[in-house]
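Note sheet for the following structure.
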Amino acid sequence: MTRTSFDTLTTTKLLQEAGITDNQAEAITFAIKSGLEGDLATKIDILNLESRLAQSIAETNRNVEAVKLQLDKHDEQFIKIDERLNKQDIVLASFKNNFKWMYAFGSTIIVILTMSVIPGILEVFAS
(Lines give C-alpha, C1' and ligand atoms only; values in the text may rest on other atoms or scores of the structure.)
Protein backbone atom coordinates (compact mmCIF):
# COMPACT_ATOMS: atom_id res chain seq x y z
CA MET A 1 0.00 0.00 0.00
CA THR A 2 1.18 3.51 -0.68
CA ARG A 3 1.79 5.72 2.32
CA THR A 4 0.60 9.27 2.35
CA SER A 5 2.55 12.13 3.91
CA PHE A 6 1.06 13.65 7.06
CA ASP A 7 2.47 16.70 8.87
CA THR A 8 1.82 16.03 12.55
CA LEU A 9 3.36 19.27 13.80
CA THR A 10 1.20 21.48 11.59
CA THR A 11 -1.93 19.50 12.46
CA THR A 12 -1.23 19.73 16.20
CA LYS A 13 -0.63 23.52 15.96
CA LEU A 14 -3.84 24.01 13.95
CA LEU A 15 -5.84 22.12 16.57
CA GLN A 16 -4.24 24.11 19.40
CA GLU A 17 -5.01 27.38 17.61
CA ALA A 18 -8.63 26.25 17.31
CA GLY A 19 -8.80 26.08 21.10
CA ILE A 20 -8.11 22.41 21.75
CA THR A 21 -5.77 21.61 24.64
CA ASP A 22 -2.22 20.47 23.93
CA ASN A 23 -2.92 16.89 25.12
CA GLN A 24 -6.15 16.64 23.09
CA ALA A 25 -4.47 18.10 19.98
CA GLU A 26 -1.65 15.56 20.25
CA ALA A 27 -4.10 12.69 20.79
CA ILE A 28 -6.21 13.72 17.79
CA THR A 29 -3.09 14.12 15.63
CA PHE A 30 -1.84 10.68 16.75
CA ALA A 31 -5.22 9.12 15.91
CA ILE A 32 -5.23 10.69 12.45
CA LYS A 33 -1.63 9.60 11.80
CA SER A 34 -2.37 6.04 12.98
CA GLY A 35 -5.35 5.84 10.63
CA LEU A 36 -3.32 7.09 7.69
CA GLU A 37 -0.45 4.71 8.39
CA GLY A 38 -2.77 1.71 8.50
CA ASP A 39 -3.56 -0.50 5.55
CA LEU A 40 -5.65 2.03 3.70
CA ALA A 41 -5.74 1.61 -0.05
CA THR A 42 -5.10 4.63 -2.21
CA LYS A 43 -6.63 5.22 -5.62
CA ILE A 44 -3.39 4.04 -7.20
CA ASP A 45 -3.50 0.86 -5.10
CA ILE A 46 -7.05 0.19 -6.30
CA LEU A 47 -6.16 0.93 -9.94
CA ASN A 48 -3.18 -1.45 -9.72
CA LEU A 49 -5.39 -4.12 -8.21
CA GLU A 50 -8.01 -3.63 -10.95
CA SER A 51 -5.28 -3.95 -13.57
CA ARG A 52 -3.96 -7.20 -12.06
CA LEU A 53 -7.49 -8.57 -11.77
CA ALA A 54 -8.22 -7.70 -15.40
CA GLN A 55 -5.03 -9.50 -16.48
CA SER A 56 -5.93 -12.52 -14.35
CA ILE A 57 -9.45 -12.65 -15.77
CA ALA A 58 -8.12 -12.36 -19.32
CA GLU A 59 -5.66 -15.21 -18.68
CA THR A 60 -8.42 -17.33 -17.17
CA ASN A 61 -10.62 -16.68 -20.21
CA ARG A 62 -7.76 -17.73 -22.52
CA ASN A 63 -7.31 -20.92 -20.49
CA VAL A 64 -11.04 -21.67 -20.68
CA GLU A 65 -10.98 -21.19 -24.46
CA ALA A 66 -7.99 -23.54 -24.74
CA VAL A 67 -9.84 -26.18 -22.72
CA LYS A 68 -12.91 -25.74 -24.93
CA LEU A 69 -10.76 -26.35 -28.02
CA GLN A 70 -9.36 -29.52 -26.47
CA LEU A 71 -12.85 -30.71 -25.59
CA ASP A 72 -13.99 -30.06 -29.15
CA LYS A 73 -11.10 -32.21 -30.42
CA HIS A 74 -12.06 -34.96 -28.01
CA ASP A 75 -15.69 -34.70 -29.12
CA GLU A 76 -14.57 -35.22 -32.73
CA GLN A 77 -12.54 -38.26 -31.68
CA PHE A 78 -15.49 -39.70 -29.76
CA ILE A 79 -17.74 -39.21 -32.77
CA LYS A 80 -15.26 -41.12 -34.96
CA ILE A 81 -14.98 -43.89 -32.36
CA ASP A 82 -18.77 -44.07 -32.10
CA GLU A 83 -19.06 -44.36 -35.89
CA ARG A 84 -16.51 -47.20 -35.91
CA LEU A 85 -18.33 -48.97 -33.09
CA ASN A 86 -21.61 -48.67 -34.97
CA LYS A 87 -19.97 -50.26 -38.01
CA GLN A 88 -18.62 -53.04 -35.80
CA ASP A 89 -22.11 -53.56 -34.35
CA ILE A 90 -23.46 -54.00 -37.87
CA VAL A 91 -20.73 -56.53 -38.71
CA LEU A 92 -21.35 -58.42 -35.46
CA ALA A 93 -25.09 -58.48 -36.08
CA SER A 94 -24.42 -59.89 -39.54
CA PHE A 95 -22.14 -62.59 -38.09
CA LYS A 96 -24.72 -63.41 -35.46
CA ASN A 97 -27.42 -63.73 -38.10
CA ASN A 98 -25.15 -65.90 -40.28
CA PHE A 99 -24.27 -68.07 -37.28
CA LYS A 100 -27.96 -68.67 -36.55
CA TRP A 101 -28.48 -69.83 -40.12
CA MET A 102 -25.37 -71.97 -40.01
CA TYR A 103 -26.46 -73.52 -36.70
CA ALA A 104 -29.92 -74.21 -38.04
CA PHE A 105 -28.48 -75.67 -41.25
CA GLY A 106 -25.93 -77.78 -39.33
CA SER A 107 -28.61 -79.07 -36.97
CA THR A 108 -30.77 -80.03 -39.95
CA ILE A 109 -27.86 -81.84 -41.59
CA ILE A 110 -27.18 -83.76 -38.36
CA VAL A 111 -30.84 -84.78 -38.09
CA ILE A 112 -30.93 -85.89 -41.72
CA LEU A 113 -27.69 -87.84 -41.40
CA THR A 114 -28.81 -89.39 -38.15
CA MET A 115 -32.10 -90.47 -39.68
CA SER A 116 -30.42 -91.97 -42.71
CA VAL A 117 -27.41 -93.57 -40.98
CA ILE A 118 -29.10 -95.06 -37.90
CA PRO A 119 -31.41 -97.39 -39.85
CA GLY A 120 -28.38 -98.69 -41.78
CA ILE A 121 -26.49 -99.26 -38.56
CA LEU A 122 -29.45 -101.01 -37.02
CA GLU A 123 -29.68 -103.32 -40.03
CA VAL A 124 -26.02 -104.24 -39.63
CA PHE A 125 -26.54 -105.18 -35.98
CA ALA A 126 -29.83 -106.93 -36.67
CA SER A 127 -28.29 -109.30 -39.12
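Chains: A, B, ... in order of the C-alpha coordinates. Residues: from 1 per chain. Ligands: from 1, in order shown.
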
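With only C-alpha atoms taken into account, the protein and nucleic acid residues at most 12 Å from Ser5 in chain A (excluding it and anything under 6 positions from it in its own chain) are A:Ile32, A:Lys33, A:Ser34, A:Leu36, A:Glu37.
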
Please produce, as JSON lines, a per-residue contact table for range 52-123 of chain A versus range 44-48 of chain A (criterion: any atom at most 12 Å away, only C-alpha atoms considered), showing the nearest atom pair and its distance in Å to one decimal, sorted by chain then residue number.
```
{"residue": "A:Arg52", "atom": "CA", "partner": "A:Asn48", "partner_atom": "CA", "distance": 6.3}
{"residue": "A:Leu53", "atom": "CA", "partner": "A:Asn48", "partner_atom": "CA", "distance": 8.6}
{"residue": "A:Ala54", "atom": "CA", "partner": "A:Asn48", "partner_atom": "CA", "distance": 9.8}
{"residue": "A:Gln55", "atom": "CA", "partner": "A:Asn48", "partner_atom": "CA", "distance": 10.7}
```

Save the residues we just selected, N, CA, C and O atoms, as a PDB file, in the first residue's frame?
```pdb
ATOM      1  N   ARG A  52      -4.375  -5.804 -12.263  1.00  0.00           N
ATOM      2  CA  ARG A  52      -3.957  -7.197 -12.057  1.00  0.00           C
ATOM      3  C   ARG A  52      -5.141  -8.145 -12.183  1.00  0.00           C
ATOM      4  O   ARG A  52      -5.021  -9.239 -12.745  1.00  0.00           O
ATOM      5  N   LEU A  53      -6.294  -7.727 -11.652  1.00  0.00           N
ATOM      6  CA  LEU A  53      -7.488  -8.569 -11.768  1.00  0.00           C
ATOM      7  C   LEU A  53      -7.909  -8.724 -13.227  1.00  0.00           C
ATOM      8  O   LEU A  53      -8.286  -9.811 -13.656  1.00  0.00           O
ATOM      9  N   ALA A  54      -7.853  -7.638 -13.975  1.00  0.00           N
ATOM     10  CA  ALA A  54      -8.223  -7.704 -15.399  1.00  0.00           C
ATOM     11  C   ALA A  54      -7.292  -8.652 -16.151  1.00  0.00           C
ATOM     12  O   ALA A  54      -7.735  -9.450 -16.985  1.00  0.00           O
ATOM     13  N   GLN A  55      -5.993  -8.599 -15.837  1.00  0.00           N
ATOM     14  CA  GLN A  55      -5.032  -9.505 -16.478  1.00  0.00           C
ATOM     15  C   GLN A  55      -5.328 -10.956 -16.092  1.00  0.00           C
ATOM     16  O   GLN A  55      -5.283 -11.850 -16.933  1.00  0.00           O
TER      17      GLN A  55
END
```
